[in-house]
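K.L.:
For reference, the structure I am asking about is given below.
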Amino acid sequence: MRRDLGGGYELDDDRARIDAAAVHRYLAEESYWARGRPYADVELLVREAARVVGLYHDGRQVGFCRAARCAPGLFYLADVYVLPEHRGRGLGVELVREMVEHGPLAGRSWLLHTEDAHGLYRRFGFAEPGPRLLERVAPVPSRSASQPSASG
């Protein structure tokens, strides 16, 4: 799939076209959810994703999202971003629309974690979980647990 959005913008789900270094740079340095994520993890997540969609402006990657398979028919929408200088043009809407409403994963069930852009995701049917959904978040390691002791 390759879709022209006009103004030099396009969406593409060609995994080989994803600029892993650009995705890593944004996720590890600018995002609130993946700050410090190692480059090798980004490469693995892109390679093993059920689907990736890149957003490009004049050939340069300026946005991204990926889908992780949780179970047959259930996917997790992750690492959605548009670089700040390209926001405000509806590009995030098109990025999410392409992932959840078009292509091979259209019509499936989706999960998502986010601290922002709730209005964007509600447009695509995402809502607060009901009483059946529970979450177990990995604990943040204490500083002393991750530091070697003075005695070695």
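So you can find residues: chains in the structure tokens are A, B, ... in the order shown, residues in each start at 1, and ligands are numbered from 1 in order.
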Would you pick out the contacts of range 59-63 of chain A at 8 Å or less, using only C-alpha atoms, so that residues sharing its chain but fewer than 5 positions from it are not included, and give the list as a tab-separated table (two decimals) with C-alpha atoms, in the first residue's frame?

P.N.:
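Saved result, part-v7.tsv, follows:
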chain	number	residue	atom	x	y	z
A	18	ILE	CA	10.98	2.27	7.47
A	19	ASP	CA	13.92	4.35	8.65
A	22	ALA	CA	14.60	7.94	12.57
A	23	VAL	CA	11.99	5.93	14.47
A	54	GLY	CA	5.32	5.09	7.79
A	80	VAL	CA	2.18	6.29	16.94
A	81	TYR	CA	3.84	9.62	16.26
A	82	VAL	CA	4.08	12.53	13.85
A	83	LEU	CA	7.07	14.85	14.21
A	86	HIS	CA	4.30	18.25	10.77

K.L.:
Might you pull out every residue within 12 Å of Leu91 in chain A, with only C-alpha atoms counted and same-chain residues fewer than 2 positions away left off, and present them as a PDB file with N, CA and C atoms, in the first residue's frame?

P.N.:
ATOM      1  N   ASP A   4      -1.001   8.571  -1.405  1.00  0.00           N
ATOM      2  CA  ASP A   4      -0.624   9.982  -1.486  1.00  0.00           C
ATOM      3  C   ASP A   4      -1.632  10.809  -0.692  1.00  0.00           C
ATOM      4  N   LEU A   5      -1.110  11.658   0.223  1.00  0.00           N
ATOM      5  CA  LEU A   5      -1.974  12.522   1.024  1.00  0.00           C
ATOM      6  C   LEU A   5      -1.965  13.961   0.530  1.00  0.00           C
ATOM      7  N   GLY A   6      -1.181  14.242  -0.507  1.00  0.00           N
ATOM      8  CA  GLY A   6      -1.061  15.603  -1.023  1.00  0.00           C
ATOM      9  C   GLY A   6      -0.029  16.394  -0.237  1.00  0.00           C
ATOM     10  N   GLY A   7       0.438  17.484  -0.816  1.00  0.00           N
ATOM     11  CA  GLY A   7       1.394  18.364  -0.151  1.00  0.00           C
ATOM     12  C   GLY A   7       2.747  17.718   0.105  1.00  0.00           C
ATOM     13  N   GLY A   8       3.077  16.681  -0.656  1.00  0.00           N
ATOM     14  CA  GLY A   8       4.348  15.996  -0.472  1.00  0.00           C
ATOM     15  C   GLY A   8       4.316  14.897   0.575  1.00  0.00           C
ATOM     16  N   TYR A   9       3.130  14.637   1.168  1.00  0.00           N
ATOM     17  CA  TYR A   9       2.992  13.616   2.202  1.00  0.00           C
ATOM     18  C   TYR A   9       2.448  12.325   1.605  1.00  0.00           C
ATOM     19  N   GLU A  10       2.926  11.211   2.134  1.00  0.00           N
ATOM     20  CA  GLU A  10       2.395   9.918   1.738  1.00  0.00           C
ATOM     21  C   GLU A  10       2.518   8.919   2.882  1.00  0.00           C
ATOM     22  N   LEU A  11       1.639   7.930   2.849  1.00  0.00           N
ATOM     23  CA  LEU A  11       1.684   6.806   3.774  1.00  0.00           C
ATOM     24  C   LEU A  11       2.165   5.586   3.005  1.00  0.00           C
ATOM     25  N   GLY A  54       4.473   3.911   7.699  1.00  0.00           N
ATOM     26  CA  GLY A  54       5.318   5.094   7.792  1.00  0.00           C
ATOM     27  C   GLY A  54       4.632   6.275   7.135  1.00  0.00           C
ATOM     28  N   LEU A  55       4.883   7.444   7.682  1.00  0.00           N
ATOM     29  CA  LEU A  55       4.413   8.708   7.113  1.00  0.00           C
ATOM     30  C   LEU A  55       5.649   9.429   6.599  1.00  0.00           C
ATOM     31  N   TYR A  56       5.594   9.850   5.346  1.00  0.00           N
ATOM     32  CA  TYR A  56       6.759  10.467   4.697  1.00  0.00           C
ATOM     33  C   TYR A  56       6.389  11.821   4.116  1.00  0.00           C
ATOM     34  N   HIS A  57       7.341  12.740   4.190  1.00  0.00           N
ATOM     35  CA  HIS A  57       7.200  14.047   3.546  1.00  0.00           C
ATOM     36  C   HIS A  57       8.390  14.231   2.625  1.00  0.00           C
ATOM     37  N   VAL A  62       8.525  11.069   8.633  1.00  0.00           N
ATOM     38  CA  VAL A  62       8.132  12.072   9.623  1.00  0.00           C
ATOM     39  C   VAL A  62       7.076  11.538  10.589  1.00  0.00           C
ATOM     40  N   GLY A  63       6.700  10.265  10.443  1.00  0.00           N
ATOM     41  CA  GLY A  63       5.726   9.662  11.339  1.00  0.00           C
ATOM     42  C   GLY A  63       5.746   8.159  11.199  1.00  0.00           C
ATOM     43  N   PHE A  64       5.085   7.498  12.137  1.00  0.00           N
ATOM     44  CA  PHE A  64       5.175   6.047  12.190  1.00  0.00           C
ATOM     45  C   PHE A  64       4.091   5.498  13.110  1.00  0.00           C
ATOM     46  N   CYS A  65       3.690   4.256  12.868  1.00  0.00           N
ATOM     47  CA  CYS A  65       2.937   3.462  13.835  1.00  0.00           C
ATOM     48  C   CYS A  65       3.136   2.001  13.485  1.00  0.00           C
ATOM     49  N   VAL A  80       2.772   5.346  17.897  1.00  0.00           N
ATOM     50  CA  VAL A  80       2.178   6.288  16.943  1.00  0.00           C
ATOM     51  C   VAL A  80       2.774   7.667  17.179  1.00  0.00           C
ATOM     52  N   TYR A  81       3.351   8.247  16.133  1.00  0.00           N
ATOM     53  CA  TYR A  81       3.840   9.623  16.258  1.00  0.00           C
ATOM     54  C   TYR A  81       3.895  10.312  14.907  1.00  0.00           C
ATOM     55  N   VAL A  82       3.813  11.632  14.961  1.00  0.00           N
ATOM     56  CA  VAL A  82       4.079  12.534  13.849  1.00  0.00           C
ATOM     57  C   VAL A  82       5.031  13.571  14.417  1.00  0.00           C
ATOM     58  N   LEU A  83       6.120  13.843  13.720  1.00  0.00           N
ATOM     59  CA  LEU A  83       7.070  14.846  14.212  1.00  0.00           C
ATOM     60  C   LEU A  83       6.369  16.180  14.450  1.00  0.00           C
ATOM     61  N   PRO A  84       6.749  16.902  15.500  1.00  0.00           N
ATOM     62  CA  PRO A  84       6.051  18.141  15.874  1.00  0.00           C
ATOM     63  C   PRO A  84       5.878  19.142  14.738  1.00  0.00           C
ATOM     64  N   GLU A  85       6.882  19.306  13.898  1.00  0.00           N
ATOM     65  CA  GLU A  85       6.787  20.304  12.826  1.00  0.00           C
ATOM     66  C   GLU A  85       5.800  19.910  11.724  1.00  0.00           C
ATOM     67  N   HIS A  86       5.255  18.705  11.779  1.00  0.00           N
ATOM     68  CA  HIS A  86       4.296  18.254  10.765  1.00  0.00           C
ATOM     69  C   HIS A  86       2.900  18.046  11.352  1.00  0.00           C
ATOM     70  N   ARG A  87       2.718  18.365  12.607  1.00  0.00           N
ATOM     71  CA  ARG A  87       1.415  18.190  13.255  1.00  0.00           C
ATOM     72  C   ARG A  87       0.456  19.307  12.856  1.00  0.00           C
ATOM     73  N   GLY A  88      -0.826  19.082  13.136  1.00  0.00           N
ATOM     74  CA  GLY A  88      -1.839  20.089  12.852  1.00  0.00           C
ATOM     75  C   GLY A  88      -2.355  20.043  11.430  1.00  0.00           C
ATOM     76  N   ARG A  89      -2.046  19.007  10.687  1.00  0.00           N
ATOM     77  CA  ARG A  89      -2.476  18.871   9.297  1.00  0.00           C
ATOM     78  C   ARG A  89      -3.378  17.655   9.090  1.00  0.00           C
ATOM     79  N   VAL A  93      -4.361  11.552  12.101  1.00  0.00           N
ATOM     80  CA  VAL A  93      -5.649  10.922  11.811  1.00  0.00           C
ATOM     81  C   VAL A  93      -5.484   9.940  10.657  1.00  0.00           C
ATOM     82  N   GLU A  94      -4.818  10.373   9.595  1.00  0.00           N
ATOM     83  CA  GLU A  94      -4.645   9.496   8.436  1.00  0.00           C
ATOM     84  C   GLU A  94      -3.758   8.298   8.749  1.00  0.00           C
ATOM     85  N   LEU A  95      -2.758   8.502   9.583  1.00  0.00           N
ATOM     86  CA  LEU A  95      -1.859   7.414   9.983  1.00  0.00           C
ATOM     87  C   LEU A  95      -2.648   6.336  10.738  1.00  0.00           C
ATOM     88  N   VAL A  96      -3.441   6.749  11.720  1.00  0.00           N
ATOM     89  CA  VAL A  96      -4.244   5.801  12.495  1.00  0.00           C
ATOM     90  C   VAL A  96      -5.326   5.184  11.614  1.00  0.00           C
ATOM     91  N   ARG A  97      -5.976   5.991  10.783  1.00  0.00           N
ATOM     92  CA  ARG A  97      -7.019   5.476   9.890  1.00  0.00           C
ATOM     93  C   ARG A  97      -6.456   4.363   8.999  1.00  0.00           C
ATOM     94  N   GLU A  98      -5.292   4.606   8.440  1.00  0.00           N
ATOM     95  CA  GLU A  98      -4.687   3.593   7.571  1.00  0.00           C
ATOM     96  C   GLU A  98      -4.444   2.296   8.334  1.00  0.00           C
ATOM     97  N   LEU A 120      -8.361  11.895  19.197  1.00  0.00           N
ATOM     98  CA  LEU A 120      -7.972  11.267  17.932  1.00  0.00           C
ATOM     99  C   LEU A 120      -8.403   9.808  17.921  1.00  0.00           C
TER     100      LEU A 120
END

K.L.:
Would you give me, as a list of chain:residue names, the residues in range 11-81 of chain A that DSSP reads as strand (DSSP E or B)?

P.N.:
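Strand (DSSP E or B) members of range 11-81 of chain A, listed: A:Leu11, A:Asp12, A:Arg51, A:Val52, A:Val53, A:Gly54, A:Leu55, A:Tyr56, A:His57, A:Arg60, A:Gln61, A:Val62, A:Gly63, A:Phe64, A:Cys65, A:Arg66, A:Ala67, A:Ala68, A:Arg69, A:Cys70, A:Ala71, A:Leu74, A:Phe75, A:Tyr76, A:Leu77, A:Ala78, A:Asp79, A:Val80, A:Tyr81.
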
K.L.:
Any idea what the distance is between CA of Gly103 in chain A and CA of Arg2 in chain A?

P.N.:
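Computed distance, CA of Gly103 in chain A to CA of Arg2 in chain A, equals 10.7 Å.
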
K.L.:
Using only C-alpha atoms, which residues sit within 9 Å of Leu27 in chain A once same-chain residues fewer than 6 positions away are excluded, as a ChimeraX atom specification?

P.N.:
/A:33-37,42,79,81

K.L.:
Which of these residues is nearest to Ala49 in chain A, using only C-alpha atoms: A:Ala138, A:Gly73, A:Ala78, A:Tyr26?

P.N.:
A:Ala78

K.L.:
Taking 6 positions as the minimum chain separation for residues in the same chain, which residues sit within 10 Å of Leu112 in chain A when counting only C-alpha atoms? Answer as a list of chain:residue names.

P.N.:
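My list of contacting residues is A:Ala67, A:Phe75, A:Tyr76, A:Leu77, A:Ala78, A:Asp79, A:Tyr121, A:Phe126, A:Ala127, A:Glu128.
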